[in-house]
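Trainee: Structure provided below as structure tokens; questions to follow.
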Amino acid sequence: MTHKKAHPASFRDPSGFMFVEEGIVKRQINPIYFKQYFALKDSRFFEKLFNSQVLIPHEELSHSSEQIIIQPEHIPFITYPYEWCFNQYKEAALLTLKLQKFSLEHGFSLKDASAFNVTFHKGKAIFIDTLSFDFYIENSPWRAYKQFVSHFLGPLLMAHYHGAQSLKLMSNYIDGIPLNMIASMLPFKSKLNPFLYSNIHLLAKFEDKYHEDYNGESKVKSLSKKAQLNIIQSLYDFIKKLSLKEHSEWGNYYNKINYTDAAFNLKSDIINNWISKLNVKTVIDVGGNDGTFVRRITSNIEQALVCDIDNNAVDYNFKTIKENKERFMLPFVLDVLNPSAAIGFNNKERDSFIKRIKKFQPDITLALAVIHHMSLSGNVTFEMSAQFFAKFSKHLIIEFPKREDSWVQRLLNNKADFKDYFGFYNIENFEKAYTNYFEIIEKQPIENSERVMYLLKTKHD
Amino acid sequence: MIFLYFDPAIGAMIVQAIVAAIAGVLLFSKNLLLKVKVFLGIVKPKDEELFDDIDIERSEIEKKDSSDS
């Protein structure tokens, strides 16, 4: 038996662990979980969930008395809860509840309800922790109820009351947002709502009351399956209806920017033309808004990552993906000036954005209408942004709005007295810095605008 | 046997009896209200919803079958 090194994120559950062998993610199941595994397999529980595309499919590679090895379907790029837009977060929460209901009806129960058990793949949320299912013990409450509230209901409520940026809190609370913090941040009127009172305030009170019971003397009351299903159903109904208070200002973004239709189409044609020549299969659009430009690519893209700092834009994109049933596009929220860090024990449980994107290595990066924000709002020098973009893909399509562009002018005017400090922002300096890392393959101005498109290729391989 | 590799959450286990009772009342009254509305004929037509209902087999497996055929 070869010794397998567990993935640094896979240590919490003694049932098994994930490991990487020759670049392929596999999962070892320990004898402690054999009974559950066989019950799930023999009752076609797994198969039904695979068919309905709610659980990541796996195949069994080997099995002995000491271990079973399964290989789950490859997910090209993992996104984490703190990178999801509001409706993605909702979908992940609803998926977890669906699975718990399905499990209960088949004699199982989810033993944990971490938001990190879900990711997005082929246009929808999918459950990735195959070993989370355990036997349901008659009349026992849901073991993962508290975890569900702190991982899903809590963050969604915070987003509802305080804005979608609250979802970013999950990057600080890998074990879910503390209940007393959620309770204290909800408005007083939430106490008058029976659903919120019981699921948040009363829960926080009870947890507070019993958390010092080190001897385990408190008796856990029994709860019928019907009663637990009522909890699950009411959570589902509530979350399904939950919305953001902030109204989306997204819909008409492209009407606000300074493009004529012709320039807009020309930009899209330039991208299409360059991409089709390069035989691109994977792409990341940094600052990709609602995915408009990626959607207009005519060649066959296998996986497109589209990230943006604006939750509304990502949400709009996600809704479009759902409506069109698109499978190749993965939207997520990302601030390019502060990309997701590595978190968890040893800083290794959840990888940083940079580590994940370097591994994914998209064939091409699109950076459209983003350089002026990085340079003028973020004060990131051309040298630094060039270095950043050169890190993860061989080709870069970048749009440079010249100093005369009205958006650039607006950003410069925002600098008020410090406007002079940004004298460096011009096309000569841009090219000088970027050619340290890239060679210019093509360069094409967009007619009737103050913008220039570049197709660049990294100098190192 | 259940292995608690996370917080045992005793309070959360105990409180579920109350949460479930309240959920039961809410679901019952919601259904009742719906029945009354259906009876009176004032049920609003449903908008196209982004998310489907909770049942996996009904909502997902059937959909798959119908799209395959």
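Going through the structure tokens in order, the chains are called A, B, and so on, while each chain numbers its residues from 1 and the ligands are numbered from 1 in the order shown.
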Which residues are near A:Lys146? Cut-off 9 Å, only C-alpha atoms, ignore same chain within fewer than 4 positions. Put them as a VMD selection string.

Mentor: (chain A and resid 113 142 150 to 151 179 203 207) or (chain B and resid 9 11 to 13)

Trainee: Show me which bits of chain A are within 6 Å of chain B, counting only C-alpha atoms, as a compact mmCIF listing (two decimals) with N, CA and C atoms, in the first residue's frame.

Mentor:
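Saved the output as iface30.txt:
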```txt
# COMPACT_ATOMS: atom_id res chain seq x y z
N SER A 52 -29.43 13.30 -11.06
CA SER A 52 -30.08 14.60 -10.97
C SER A 52 -29.06 15.73 -10.85
N LYS A 98 -32.20 20.54 -0.09
CA LYS A 98 -32.75 19.48 -0.96
C LYS A 98 -32.12 18.13 -0.61
N PRO A 141 -32.56 14.88 16.21
CA PRO A 141 -32.56 16.17 15.50
C PRO A 141 -31.44 16.20 14.46
N LYS A 146 -27.13 23.68 13.24
CA LYS A 146 -26.42 24.90 13.62
C LYS A 146 -25.44 25.32 12.51
N SER A 198 -37.11 32.06 15.89
CA SER A 198 -36.74 30.70 16.30
C SER A 198 -35.41 30.25 15.70
N LEU A 203 -32.10 30.20 18.72
CA LEU A 203 -30.96 29.30 18.53
C LEU A 203 -29.70 29.87 19.19
N PHE A 206 -30.02 29.53 22.96
CA PHE A 206 -29.84 28.14 23.41
C PHE A 206 -28.38 27.72 23.33
N GLU A 207 -27.74 28.10 22.24
CA GLU A 207 -26.33 27.75 22.09
C GLU A 207 -25.49 28.40 23.19
N TYR A 210 -26.12 26.52 26.54
CA TYR A 210 -25.62 25.14 26.69
C TYR A 210 -24.15 24.97 26.32
N VAL A 220 -30.53 15.64 25.00
CA VAL A 220 -31.03 16.09 23.71
C VAL A 220 -32.41 15.50 23.49
N LYS A 221 -33.35 16.40 23.22
CA LYS A 221 -34.73 15.93 23.02
C LYS A 221 -34.85 15.22 21.68
N ALA A 227 -41.12 16.37 12.03
CA ALA A 227 -40.78 17.68 12.59
C ALA A 227 -39.51 18.21 11.94
N ASN A 230 -40.23 19.52 8.63
CA ASN A 230 -40.86 20.85 8.71
C ASN A 230 -39.80 21.95 8.80
N ILE A 231 -38.76 21.69 9.60
CA ILE A 231 -37.67 22.68 9.69
C ILE A 231 -37.04 22.88 8.31
N SER A 234 -39.36 24.72 5.93
CA SER A 234 -39.55 26.16 6.22
C SER A 234 -38.27 26.94 5.92
```

Trainee: Go through A:Ala367, A:Leu131, A:Leu95, A:Leu376 and flag the residue nearest A:Lys41, using only C-alpha atoms for the distances.

Mentor: A:Leu131

Trainee: State, in Å with one decimal place, the distance from atom CA of A:Pro331 to atom CA of A:Cys85.

Mentor: 8.5 Å

Trainee: So how far away is atom CA of A:Asp290 from atom CA of A:His372, in Å?

Mentor: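 That distance, rounded to one decimal, is 18.9 Å.
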
Trainee: May I ask for the distance between atom CA of A:Ser171 and atom CA of A:Cys307, given in Å to one decimal place?

Mentor: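 Taking atom CA of A:Ser171 and atom CA of A:Cys307, their separation equals 17.0 Å.
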
Trainee: Which residues in stretch 180-420 of chain A does DSSP call alpha helix (DSSP H)? List them as a ChimeraX atom specification.

Mentor: /A:180-185,194-196,203-210,225-241,253-256,261-278,292-295,311-324,353-360,371-372,382-389,406-414

Trainee: Counting only C-alpha atoms, what is within 10 Å of A:Gly16, bar same-chain residues fewer than 2 positions away, as a PDB file with N, CA, C and O atoms, in the first residue's frame?

Mentor:
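Listing of out.pdb after writing:
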```pdb
ATOM      1  N   ALA A   6      -2.686  13.186   2.457  1.00  0.00           N
ATOM      2  CA  ALA A   6      -4.000  13.829   2.390  1.00  0.00           C
ATOM      3  C   ALA A   6      -3.852  15.274   1.945  1.00  0.00           C
ATOM      4  O   ALA A   6      -2.877  15.947   2.278  1.00  0.00           O
ATOM      5  N   SER A  10      -8.252  18.321   3.844  1.00  0.00           N
ATOM      6  CA  SER A  10      -9.071  17.138   4.069  1.00  0.00           C
ATOM      7  C   SER A  10      -8.625  16.409   5.330  1.00  0.00           C
ATOM      8  O   SER A  10      -7.982  15.379   5.265  1.00  0.00           O
ATOM      9  N   PHE A  11      -8.917  17.004   6.475  1.00  0.00           N
ATOM     10  CA  PHE A  11      -8.505  16.344   7.719  1.00  0.00           C
ATOM     11  C   PHE A  11      -9.618  16.315   8.749  1.00  0.00           C
ATOM     12  O   PHE A  11      -9.510  15.690   9.783  1.00  0.00           O
ATOM     13  N   ARG A  12     -10.728  16.982   8.470  1.00  0.00           N
ATOM     14  CA  ARG A  12     -11.739  17.143   9.510  1.00  0.00           C
ATOM     15  C   ARG A  12     -12.595  15.898   9.694  1.00  0.00           C
ATOM     16  O   ARG A  12     -13.123  15.670  10.757  1.00  0.00           O
ATOM     17  N   ASP A  13     -12.776  15.157   8.640  1.00  0.00           N
ATOM     18  CA  ASP A  13     -13.688  14.020   8.695  1.00  0.00           C
ATOM     19  C   ASP A  13     -12.898  12.713   8.697  1.00  0.00           C
ATOM     20  O   ASP A  13     -12.192  12.410   7.741  1.00  0.00           O
ATOM     21  N   PRO A  14     -12.985  11.906   9.781  1.00  0.00           N
ATOM     22  CA  PRO A  14     -12.244  10.659   9.841  1.00  0.00           C
ATOM     23  C   PRO A  14     -12.744   9.601   8.859  1.00  0.00           C
ATOM     24  O   PRO A  14     -12.103   8.566   8.681  1.00  0.00           O
ATOM     25  N   MET A  18      -9.220  13.278   0.911  1.00  0.00           N
ATOM     26  CA  MET A  18      -8.888  13.501  -0.486  1.00  0.00           C
ATOM     27  C   MET A  18      -7.374  13.489  -0.652  1.00  0.00           C
ATOM     28  O   MET A  18      -6.658  13.885   0.242  1.00  0.00           O
ATOM     29  N   PHE A  19      -6.941  13.041  -1.792  1.00  0.00           N
ATOM     30  CA  PHE A  19      -5.508  13.151  -2.081  1.00  0.00           C
ATOM     31  C   PHE A  19      -5.340  13.357  -3.578  1.00  0.00           C
ATOM     32  O   PHE A  19      -6.275  13.114  -4.350  1.00  0.00           O
ATOM     33  N   ARG A  27     -10.298  10.131  -3.678  1.00  0.00           N
ATOM     34  CA  ARG A  27     -10.750  10.145  -2.302  1.00  0.00           C
ATOM     35  C   ARG A  27     -10.610   8.750  -1.711  1.00  0.00           C
ATOM     36  O   ARG A  27     -11.043   7.771  -2.310  1.00  0.00           O
ATOM     37  N   GLN A  28      -9.945   8.673  -0.556  1.00  0.00           N
ATOM     38  CA  GLN A  28      -9.852   7.394   0.142  1.00  0.00           C
ATOM     39  C   GLN A  28     -10.967   7.315   1.171  1.00  0.00           C
ATOM     40  O   GLN A  28     -11.247   8.272   1.886  1.00  0.00           O
ATOM     41  N   ILE A  29     -11.631   6.161   1.258  1.00  0.00           N
ATOM     42  CA  ILE A  29     -12.656   5.949   2.271  1.00  0.00           C
ATOM     43  C   ILE A  29     -12.108   4.945   3.271  1.00  0.00           C
ATOM     44  O   ILE A  29     -11.607   3.880   2.899  1.00  0.00           O
ATOM     45  N   ASN A  30     -12.170   5.308   4.542  1.00  0.00           N
ATOM     46  CA  ASN A  30     -11.651   4.442   5.596  1.00  0.00           C
ATOM     47  C   ASN A  30     -12.722   3.443   6.053  1.00  0.00           C
ATOM     48  O   ASN A  30     -13.916   3.696   5.897  1.00  0.00           O
ATOM     49  N   PRO A  31     -12.271   2.309   6.645  1.00  0.00           N
ATOM     50  CA  PRO A  31     -13.228   1.265   7.061  1.00  0.00           C
ATOM     51  C   PRO A  31     -14.360   1.792   7.950  1.00  0.00           C
ATOM     52  O   PRO A  31     -15.476   1.266   7.907  1.00  0.00           O
ATOM     53  N   ILE A  32     -14.087   2.840   8.699  1.00  0.00           N
ATOM     54  CA  ILE A  32     -15.067   3.419   9.596  1.00  0.00           C
ATOM     55  C   ILE A  32     -16.342   3.856   8.848  1.00  0.00           C
ATOM     56  O   ILE A  32     -17.433   3.915   9.403  1.00  0.00           O
ATOM     57  N   TYR A  33     -16.198   4.132   7.543  1.00  0.00           N
ATOM     58  CA  TYR A  33     -17.320   4.641   6.747  1.00  0.00           C
ATOM     59  C   TYR A  33     -17.814   3.592   5.733  1.00  0.00           C
ATOM     60  O   TYR A  33     -18.714   3.847   4.955  1.00  0.00           O
ATOM     61  N   PHE A  34     -17.245   2.393   5.768  1.00  0.00           N
ATOM     62  CA  PHE A  34     -17.622   1.371   4.774  1.00  0.00           C
ATOM     63  C   PHE A  34     -19.116   1.071   4.791  1.00  0.00           C
ATOM     64  O   PHE A  34     -19.754   0.940   3.752  1.00  0.00           O
ATOM     65  N   GLN A  67      -9.256  -0.012   2.602  1.00  0.00           N
ATOM     66  CA  GLN A  67      -9.601   1.262   1.982  1.00  0.00           C
ATOM     67  C   GLN A  67     -10.372   1.080   0.689  1.00  0.00           C
ATOM     68  O   GLN A  67     -10.235   0.073   0.009  1.00  0.00           O
ATOM     69  N   ILE A  68     -11.171   2.083   0.411  1.00  0.00           N
ATOM     70  CA  ILE A  68     -11.834   2.139  -0.896  1.00  0.00           C
ATOM     71  C   ILE A  68     -11.364   3.442  -1.532  1.00  0.00           C
ATOM     72  O   ILE A  68     -11.280   4.471  -0.863  1.00  0.00           O
ATOM     73  N   ILE A  69     -11.016   3.378  -2.800  1.00  0.00           N
ATOM     74  CA  ILE A  69     -10.584   4.598  -3.484  1.00  0.00           C
ATOM     75  C   ILE A  69     -11.618   4.960  -4.544  1.00  0.00           C
ATOM     76  O   ILE A  69     -11.975   4.130  -5.378  1.00  0.00           O
ATOM     77  N   THR A 130     -18.693  13.824  -0.854  1.00  0.00           N
ATOM     78  CA  THR A 130     -19.402  12.550  -0.983  1.00  0.00           C
ATOM     79  C   THR A 130     -19.573  11.823   0.351  1.00  0.00           C
ATOM     80  O   THR A 130     -20.492  11.032   0.514  1.00  0.00           O
ATOM     81  N   LEU A 131     -18.680  12.080   1.297  1.00  0.00           N
ATOM     82  CA  LEU A 131     -18.739  11.338   2.563  1.00  0.00           C
ATOM     83  C   LEU A 131     -19.561  12.056   3.634  1.00  0.00           C
ATOM     84  O   LEU A 131     -19.483  11.716   4.815  1.00  0.00           O
TER      85      LEU A 131
END
```

Trainee: Between A:Leu337, A:Ala204, A:Ala390, A:Leu412, which residue has the minimum interatomic distance to A:Glu439, considering only C-alpha atoms?

Mentor: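 For A:Glu439, the nearest of the candidates is A:Ala390.
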